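> Sharing query-v8.pdb, PDB, C-alpha atoms:
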```pdb
ATOM      1  CA  GLU A 190     107.502 127.747 150.031
ATOM      2  CA  LYS A 191     104.885 125.169 149.000
ATOM      3  CA  TYR A 192     102.479 128.058 148.406
ATOM      4  CA  ILE A 193     104.938 129.712 145.991
ATOM      5  CA  GLU A 194     105.624 126.403 144.256
ATOM      6  CA  LYS A 195     101.880 125.807 143.880
ATOM      7  CA  ASN A 196     101.417 129.267 142.326
ATOM      8  CA  ILE A 197     104.276 128.670 139.908
ATOM      9  CA  GLN A 198     102.714 125.347 138.876
ATOM     10  CA  GLU A 199      99.300 126.976 138.450
ATOM     11  CA  ALA A 200     100.810 129.755 136.334
ATOM     12  CA  LYS A 201     102.587 127.221 134.111
ATOM     13  CA  LEU A 202      99.394 125.175 133.806
ATOM     14  CA  TYR A 203      97.425 128.311 132.894
ATOM     15  CA  VAL A 204      99.886 129.132 130.081
ATOM     16  CA  ILE A 205      99.739 125.571 128.749
ATOM     17  CA  GLN A 206      95.932 125.547 128.914
ATOM     18  CA  GLU A 207      95.696 128.887 127.109
ATOM     19  CA  GLU A 208      98.020 127.660 124.367
ATOM     20  CA  ASN A 209      96.023 124.474 124.054
ATOM     21  CA  VAL A 210      92.620 126.012 123.377
ATOM     22  CA  GLN A 211      93.331 125.581 119.656
ATOM     23  CA  LEU A 212      94.909 122.159 120.102
ATOM     24  CA  ARG A 213      91.915 120.840 122.005
ATOM     25  CA  LYS A 214      89.682 121.670 119.063
ATOM     26  CA  GLN A 215      91.565 118.900 117.265
ATOM     27  CA  LEU A 216      90.521 116.355 119.838
ATOM     28  CA  SER A 217      87.732 115.112 117.639
ATOM     29  CA  PHE A 218      87.917 111.632 119.173
ATOM     30  CA  PHE A 219      85.721 112.807 122.054
ATOM     31  CA  SER A 220      82.870 113.539 119.659
ATOM     32  CA  SER A 221      83.743 110.883 117.089
ATOM     33  CA  THR A 222      81.517 107.831 116.957
ATOM     34  CA  THR A 223      84.279 105.377 115.986
ATOM     35  CA  VAL A 224      86.450 106.099 119.010
ATOM     36  CA  SER A 225      85.542 105.874 122.670
ATOM     37  CA  HIS A 226      87.425 106.167 125.915
ATOM     38  CA  ILE A 227      87.297 104.059 129.050
ATOM     39  CA  GLY A 228      88.329 105.272 132.486
ATOM     40  CA  ALA A 229      90.824 103.147 134.417
ATOM     41  CA  GLU A 230      92.655 103.240 137.719
ATOM     42  CA  VAL A 231      96.391 102.773 138.070
ATOM     43  CA  VAL A 232      96.957  99.700 140.257
ATOM     44  CA  GLY A 233     100.724  99.250 139.855
ATOM     45  CA  LYS A 234     103.952 100.889 138.731
ATOM     46  CA  ASN A 235     107.189  99.500 137.364
ATOM     47  CA  ILE A 236     110.340 101.193 138.629
ATOM     48  CA  GLU A 237     113.148  99.725 136.538
ATOM     49  CA  PRO A 238     115.983 102.155 135.776
ATOM     50  CA  LEU A 239     115.139 102.266 132.059
ATOM     51  CA  GLY A 240     111.611 100.906 131.901
ATOM     52  CA  SER A 241     108.637 103.028 132.827
ATOM     53  CA  THR A 242     105.255 101.301 132.895
ATOM     54  CA  LEU A 243     101.931 101.344 134.742
ATOM     55  CA  VAL A 244      99.379  98.610 135.337
ATOM     56  CA  ILE A 245      95.724  99.629 135.003
ATOM     57  CA  ASP A 246      92.584  97.860 136.242
ATOM     58  CA  LYS A 247      90.934  97.266 132.845
ATOM     59  CA  GLY A 248      91.933  94.768 130.189
ATOM     60  CA  ALA A 249      90.518  92.318 127.658
ATOM     61  CA  ASN A 250      87.295  92.358 129.687
ATOM     62  CA  ARG A 251      86.753  95.924 128.362
ATOM     63  CA  ASN A 252      88.060  95.214 124.816
ATOM     64  CA  LEU A 253      91.333  97.070 125.391
ATOM     65  CA  ALA A 254      94.012  96.256 122.840
ATOM     66  CA  ILE A 255      97.754  96.579 122.380
ATOM     67  CA  GLY A 256      98.516  99.967 120.855
ATOM     68  CA  ASP A 257      95.598 101.813 122.483
ATOM     69  CA  PRO A 258      96.728 105.287 123.618
ATOM     70  CA  VAL A 259      96.363 106.205 127.294
ATOM     71  CA  ILE A 260      95.577 109.802 128.248
ATOM     72  CA  VAL A 261      94.812 111.980 131.247
ATOM     73  CA  ASN A 262      92.746 115.169 131.518
ATOM     74  CA  GLU A 263      91.418 116.482 128.210
ATOM     75  CA  GLY A 264      93.865 114.732 125.948
ATOM     76  CA  ILE A 265      97.388 114.543 127.391
ATOM     77  CA  LEU A 266      99.131 111.419 126.076
ATOM     78  CA  ILE A 267     100.988 109.534 128.802
ATOM     79  CA  GLY A 268     101.571 106.167 127.134
ATOM     80  CA  ILE A 269     100.478 103.210 125.029
ATOM     81  CA  ILE A 270      99.087  99.802 126.043
ATOM     82  CA  VAL A 271     101.726  97.117 125.434
ATOM     83  CA  ARG A 272     100.186  94.087 127.156
ATOM     84  CA  VAL A 273      96.575  93.118 127.811
ATOM     85  CA  ASN A 274      95.490  90.574 130.422
ATOM     86  CA  LYS A 275      91.930  89.594 131.308
ATOM     87  CA  ASN A 276      91.333  92.325 133.915
ATOM     88  CA  THR A 277      94.460  94.462 133.652
ATOM     89  CA  ALA A 278      96.721  96.044 131.062
ATOM     90  CA  VAL A 279     100.313  97.308 131.025
ATOM     91  CA  VAL A 280     100.916 100.855 129.807
ATOM     92  CA  LYS A 281     104.344 101.859 128.463
ATOM     93  CA  LEU A 282     104.811 105.510 129.450
ATOM     94  CA  ILE A 283     106.219 108.091 127.023
ATOM     95  CA  ASN A 284     109.459 108.292 129.055
ATOM     96  CA  ASP A 285     110.096 104.522 128.748
ATOM     97  CA  ASN A 286     113.306 103.711 126.840
ATOM     98  CA  GLN A 287     111.280 101.703 124.278
ATOM     99  CA  SER A 288     108.728 104.460 123.670
ATOM    100  CA  LYS A 289     108.676 106.116 120.214
ATOM    101  CA  ILE A 290     105.804 108.386 119.151
ATOM    102  CA  ALA A 291     105.428 110.438 115.958
ATOM    103  CA  ALA A 292     104.930 114.073 116.951
ATOM    104  CA  THR A 293     104.562 117.612 115.637
ATOM    105  CA  VAL A 294     105.772 120.910 117.067
ATOM    106  CA  ALA A 295     102.912 123.423 117.215
ATOM    107  CA  ASN A 296     105.083 126.022 115.429
ATOM    108  CA  ARG A 297     104.932 127.832 112.100
ATOM    109  CA  ASP A 298     106.697 124.992 110.276
ATOM    110  CA  LYS A 299     104.589 122.290 111.986
ATOM    111  CA  SER A 300     107.913 120.467 112.392
ATOM    112  CA  ILE A 301     107.621 116.712 112.668
ATOM    113  CA  GLY A 302     109.875 114.338 114.568
ATOM    114  CA  LEU A 303     109.943 111.350 116.883
ATOM    115  CA  VAL A 304     109.405 111.632 120.639
ATOM    116  CA  GLU A 305     111.539 109.028 122.421
ATOM    117  CA  GLY A 306     111.842 108.067 126.074
ATOM    118  CA  GLY A 307     114.748 106.660 128.070
ATOM    119  CA  TYR A 308     116.252 109.982 129.172
ATOM    120  CA  GLY A 309     115.225 109.977 132.824
ATOM    121  CA  ILE A 310     112.310 112.257 133.648
ATOM    122  CA  SER A 311     112.404 114.121 130.332
ATOM    123  CA  VAL A 312     111.774 112.878 126.814
ATOM    124  CA  ARG A 313     113.432 113.908 123.548
ATOM    125  CA  MET A 314     112.071 114.796 120.172
ATOM    126  CA  ASN A 315     114.551 113.635 117.535
ATOM    127  CA  PHE A 316     114.746 113.935 113.732
ATOM    128  CA  ILE A 317     113.469 117.531 113.580
ATOM    129  CA  PRO A 318     114.735 119.061 110.305
ATOM    130  CA  GLN A 319     117.704 121.355 111.035
ATOM    131  CA  ASN A 320     116.372 124.273 108.978
ATOM    132  CA  GLU A 321     113.078 124.574 110.891
ATOM    133  CA  GLN A 322     112.601 127.074 113.703
ATOM    134  CA  ILE A 323     111.776 125.484 117.067
ATOM    135  CA  SER A 324     111.866 127.368 120.359
ATOM    136  CA  VAL A 325     111.812 126.768 124.101
ATOM    137  CA  GLY A 326     108.181 126.744 125.193
ATOM    138  CA  ASP A 327     106.815 125.326 121.915
ATOM    139  CA  ILE A 328     104.062 122.769 122.474
ATOM    140  CA  ILE A 329     104.499 119.174 121.237
ATOM    141  CA  ILE A 330     101.479 117.180 120.076
ATOM    142  CA  THR A 331     100.944 113.809 118.437
ATOM    143  CA  SER A 332     101.152 113.996 114.636
ATOM    144  CA  GLY A 333      98.731 111.202 113.823
ATOM    145  CA  LEU A 334     101.511 109.313 112.004
ATOM    146  CA  SER A 335     101.819 106.609 114.701
ATOM    147  CA  GLU A 336      99.328 103.776 114.314
ATOM    148  CA  HIS A 337      96.312 103.967 116.699
ATOM    149  CA  ILE A 338      97.285 107.414 118.058
ATOM    150  CA  PRO A 339      95.011 110.283 117.008
ATOM    151  CA  LYS A 340      96.462 113.629 115.966
ATOM    152  CA  GLY A 341      96.482 116.526 118.421
ATOM    153  CA  LEU A 342      97.097 114.844 121.796
ATOM    154  CA  LEU A 343      99.328 116.975 123.997
ATOM    155  CA  ILE A 344     102.727 115.450 124.855
ATOM    156  CA  GLY A 345     104.616 118.333 126.451
ATOM    157  CA  GLN A 346     106.624 121.486 125.959
ATOM    158  CA  ILE A 347     110.154 122.139 124.647
ATOM    159  CA  GLU A 348     112.577 122.746 127.518
ATOM    160  CA  SER A 349     115.746 123.143 125.430
ATOM    161  CA  VAL A 350     116.953 122.766 121.848
ATOM    162  CA  GLU A 351     120.122 120.924 120.808
ATOM    163  CA  LYS A 352     121.380 122.000 117.397
ATOM    164  CA  GLU A 353     124.754 121.050 115.936
ATOM    165  CA  ALA A 354     126.152 122.575 112.767
ATOM    166  CA  TYR A 355     126.437 120.183 109.800
ATOM    167  CA  GLN A 356     123.910 117.747 111.267
ATOM    168  CA  PRO A 357     120.734 117.119 109.234
ATOM    169  CA  PHE A 358     118.515 117.101 112.332
ATOM    170  CA  GLN A 359     118.116 118.985 115.592
ATOM    171  CA  GLU A 360     116.748 117.638 118.872
ATOM    172  CA  ALA A 361     114.550 119.058 121.587
ATOM    173  CA  ILE A 362     114.388 118.091 125.250
ATOM    174  CA  ILE A 363     110.716 117.955 126.237
ATOM    175  CA  THR A 364     109.080 118.281 129.613
ATOM    176  CA  PRO A 365     105.982 116.051 129.661
ATOM    177  CA  ALA A 366     102.726 117.973 130.244
ATOM    178  CA  VAL A 367     102.014 115.982 133.419
ATOM    179  CA  ASN A 368     104.145 114.349 136.090
ATOM    180  CA  LEU A 369     104.318 110.726 134.926
ATOM    181  CA  ASP A 370     105.088 109.507 138.466
ATOM    182  CA  LYS A 371     101.819 110.813 139.842
ATOM    183  CA  MET A 372      99.163 108.958 137.848
ATOM    184  CA  ASP A 373      96.115 107.454 139.488
ATOM    185  CA  LEU A 374      93.224 107.851 137.033
ATOM    186  CA  VAL A 375      93.630 107.563 133.262
ATOM    187  CA  SER A 376      91.507 107.071 130.144
ATOM    188  CA  VAL A 377      92.172 104.608 127.349
ATOM    189  CA  ILE A 378      91.189 105.586 123.815
ATOM    190  CA  HIS A 379      90.098 102.690 121.676
ATOM    191  CA  LYS A 380      88.184 102.075 118.499
ATOM    192  CA  THR A 381      84.827 100.508 119.137
ATOM    193  CA  PRO A 382      84.333  97.241 117.236
TER     194      PRO A 382
END
```
When written as structure tokens, how does the structure in this file appear?

Amino acid sequence: EKYIEKNIQEAKLYVIQEENVQLRKQLSFFSSTTVSHIGAEVVGKNIEPLGSTLVIDKGANRNLAIGDPVIVNEGILIGIIVRVNKNTAVVKLINDNQSKIAATVANRDKSIGLVEGGYGISVRMNFIPQNEQISVGDIIITSGLSEHIPKGLLIGQIESVEKEAYQPFQEAIITPAVNLDKMDLVSVIHKTP
């Protein structure tokens, strides 16, 4: 059974990676001179019912700052730094109930909205204009409209769409691109002084 589950996961990952070939081209921060990234290890987790944070082993000693985005792999956004200590920092994950990130659907309309946490293991994208076409499987990326967060970081994929007649906006339930409970190594993107 684990073998089947592993194959299913690999197949899903393959689809996401194929769809993200274009998105990764937008990840100019890796080649940009004004932005760098620092590797960090996860040294703690917060397990409040609504809160969802990590503690990492880098902090003010490496010039990390509040608002710095935290990623894994080749540009999957998992959270934002909300507190910096001398040698550690606290990362608010995208499924935290206080998390709000400006995002875009990688669809024809390039629909914009706000990805918000606090819904258990999934996250929601709210404020998507009602008249725009969004579909299950559409990829969600950062829009670049949130301060400090570059455009084109992968957030996740639409799992379901909630659309009510006579409402100005529709919502999408999003499955994050990575399992947020299983983080051990991350990278922090920050502007070099």
> Could you check the closest approach to Leu243 in chain A for each of A:Ile260, A:Ile270, A:Ala292, A:Ala361 and tell me which residue wins, using all atoms listed in the file?
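Of the candidates, the smallest distance to Leu243 in chain A is held by A:Ile270.
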> Between A:Gly264, A:Ser300, A:Val375, A:Gly307, which has the minimum distance to Val244 in chain A (counting all atoms listed in the file)?
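Under the stated criterion, the closest residue is A:Val375.
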> Tell me which residues the PyMOL selection byres ((chain A and resi 231) around 12) grabs here, as an MDAnalysis selection string.
chainID A and resid 228:230 232:235 242:247 259 261 277:280 369:377
> Could you check which of A:Ser225, A:Ala249, A:Ser241, A:Gly256 is closest to His337 in chain A, using all atoms listed in the file?
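For His337 in chain A, the nearest of the candidates is A:Gly256.
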> Which range 219-299 of chain A residues have any atom within 9 Å of an atom of range 339-358 of chain A, and for each, what is the nearest pair of atoms with distance in Å to one decimal, counting only C-alpha atoms, rows sorted by chain and number, as CSV?

```
residue,atom,partner,partner_atom,distance
A:Pro258,CA,A:Pro339,CA,8.5
A:Ile260,CA,A:Leu342,CA,8.3
A:Glu263,CA,A:Leu342,CA,8.7
A:Gly264,CA,A:Leu342,CA,5.3
A:Ile265,CA,A:Leu343,CA,4.6
A:Leu266,CA,A:Ile344,CA,5.5
A:Ile267,CA,A:Ile344,CA,7.3
A:Ile283,CA,A:Ile344,CA,8.4
A:Ala292,CA,A:Ile344,CA,8.3
A:Thr293,CA,A:Gly341,CA,8.6
A:Val294,CA,A:Ile347,CA,8.8
```
> Run through the PyMOL selection byres ((chain A and resi 304) around 6) on the given coordinates and return the selected residues as a ChimeraX atom specification.
/A:289-290,303,305,313-314
> Under the rule that only C-alpha atoms are counted, which of A:Asn296, A:Ala291, A:Pro365, A:Asn262 is the nearest residue to Ser332 in chain A?
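Closest to Ser332 in chain A, using only C-alpha atoms: A:Ala291.
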> Which residues, named as in the file, does the PyMOL selection byres ((chain A and resi 255) around 8) pick out? Answer as a VMD selection string.
chain A and resid 253 to 254 256 to 257 269 to 273
> Distance CA of Gln287 in chain A-CA of Ser311 in chain A, one decimal place?
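CA of Ser311 in chain A lies 13.9 Å from CA of Gln287 in chain A.
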> How far is it from CA of Glu194 in chain A to CA of Val367 in chain A, in Å with one decimal?
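We find that CA of Glu194 in chain A and CA of Val367 in chain A lie 15.5 Å from each other.
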> Would you mind reading off the distance between CA of Ile362 in chain A and CA of Tyr308 in chain A, one decimal, in Å?
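Answer for the CA of Ile362 in chain A to CA of Tyr308 in chain A separation: 9.2 Å.
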> From the list A:Ala295, A:Ile197, A:Val312, A:Ile338, which residue is nearest Ser324 in chain A when using all atoms listed in the file?
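Looking only at the distances to Ser324 in chain A, the closest residue turns out to be A:Ala295.
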> Which is closer to Glu336 in chain A than all the others in A:Gly306, A:Asn320, A:His379, A:Ile363, using all atoms listed in the file?
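The shortest atom-to-atom distance to Glu336 in chain A comes from A:His379.
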> Where's the centre, and what are the edge lengths in Å to one decimal, of a box along x, y and z enclosing all listed atoms of range 226-234 of chain A padded 6 Å per side, as lines of an AutoDock Vina configuration file?

```
center_x = 95.6
center_y = 102.7
center_z = 133.1
size_x = 28.7
size_y = 18.9
size_z = 26.3
```
> Since fewer atoms than expected are present, regenerate all heavy atoms for range 306-317 of chain A and write them as a CSV table (one decimal), keeping the file's coordinate frame.

```csv
chain,number,residue,atom,x,y,z
A,306,GLY,N,111.6,108.1,124.6
A,306,GLY,CA,111.8,108.1,126.1
A,306,GLY,C,113.2,107.5,126.4
A,306,GLY,O,114.0,107.3,125.5
A,307,GLY,N,113.5,107.2,127.7
A,307,GLY,CA,114.7,106.7,128.1
A,307,GLY,C,115.8,107.7,128.5
A,307,GLY,O,117.0,107.4,128.6
A,308,TYR,N,115.3,108.9,128.8
A,308,TYR,CA,116.3,110.0,129.2
A,308,TYR,C,115.9,110.5,130.6
A,308,TYR,O,116.0,111.7,130.9
A,308,TYR,CB,116.2,111.2,128.2
A,308,TYR,CG,116.5,110.7,126.8
A,308,TYR,CD1,115.5,110.4,125.9
A,308,TYR,CD2,117.8,110.7,126.3
A,308,TYR,CE1,115.8,110.0,124.6
A,308,TYR,CE2,118.1,110.3,125.1
A,308,TYR,CZ,117.1,109.9,124.2
A,308,TYR,OH,117.5,109.5,122.9
A,309,GLY,N,115.6,109.6,131.5
A,309,GLY,CA,115.2,110.0,132.8
A,309,GLY,C,113.8,110.6,132.8
A,309,GLY,O,112.9,110.0,132.2
A,310,ILE,N,113.7,111.7,133.5
A,310,ILE,CA,112.3,112.3,133.6
A,310,ILE,C,111.9,113.0,132.4
A,310,ILE,O,110.7,113.2,132.2
A,310,ILE,CB,112.2,113.2,134.9
A,310,ILE,CG1,113.2,114.3,134.8
A,310,ILE,CG2,112.2,112.4,136.2
A,310,ILE,CD1,112.9,115.4,135.8
A,311,SER,N,112.8,113.4,131.5
A,311,SER,CA,112.4,114.1,130.3
A,311,SER,C,112.3,113.2,129.2
A,311,SER,O,112.7,112.0,129.2
A,311,SER,CB,113.4,115.3,130.0
A,311,SER,OG,114.7,114.8,129.8
A,312,VAL,N,111.8,113.6,128.1
A,312,VAL,CA,111.8,112.9,126.8
A,312,VAL,C,112.4,113.8,125.7
A,312,VAL,O,112.6,115.0,125.9
A,312,VAL,CB,110.3,112.5,126.4
A,312,VAL,CG1,109.8,111.4,127.4
A,312,VAL,CG2,109.4,113.6,126.3
A,313,ARG,N,112.8,113.2,124.6
A,313,ARG,CA,113.4,113.9,123.5
A,313,ARG,C,112.6,113.8,122.3
A,313,ARG,O,112.0,112.8,122.0
A,313,ARG,CB,114.8,113.3,123.2
A,313,ARG,CG,115.9,113.8,124.1
A,313,ARG,CD,117.2,113.0,123.7
A,313,ARG,NE,118.2,113.3,124.7
A,313,ARG,CZ,119.2,114.1,124.5
A,313,ARG,NH1,119.4,114.7,123.4
A,313,ARG,NH2,120.0,114.3,125.5
A,314,MET,N,112.6,114.9,121.5
A,314,MET,CA,112.1,114.8,120.2
A,314,MET,C,113.2,114.8,119.2
A,314,MET,O,114.0,115.8,119.2
A,314,MET,CB,111.1,115.9,119.9
A,314,MET,CG,110.4,115.9,118.6
A,314,MET,SD,109.0,117.0,118.5
A,314,MET,CE,108.6,116.9,116.8
A,315,ASN,N,113.4,113.8,118.5
A,315,ASN,CA,114.6,113.6,117.5
A,315,ASN,C,114.1,113.8,116.1
A,315,ASN,O,112.9,113.8,115.8
A,315,ASN,CB,115.2,112.3,117.7
A,315,ASN,CG,115.8,112.1,119.1
A,315,ASN,OD1,116.4,113.1,119.7
A,315,ASN,ND2,115.6,111.0,119.7
A,316,PHE,N,115.0,113.9,115.2
A,316,PHE,CA,114.7,113.9,113.7
A,316,PHE,C,113.9,115.2,113.3
A,316,PHE,O,113.1,115.1,112.4
A,316,PHE,CB,114.1,112.6,113.2
A,316,PHE,CG,114.9,111.4,113.6
A,316,PHE,CD1,114.4,110.5,114.5
A,316,PHE,CD2,116.1,111.2,113.1
A,316,PHE,CE1,115.1,109.4,114.9
A,316,PHE,CE2,116.9,110.1,113.4
A,316,PHE,CZ,116.3,109.1,114.3
A,317,ILE,N,114.1,116.3,114.0
A,317,ILE,CA,113.5,117.5,113.6
A,317,ILE,C,114.4,118.2,112.5
A,317,ILE,O,115.6,118.4,112.8
A,317,ILE,CB,113.3,118.5,114.8
A,317,ILE,CG1,112.5,117.8,115.9
A,317,ILE,CG2,112.6,119.8,114.3
A,317,ILE,CD1,112.6,118.6,117.2
```
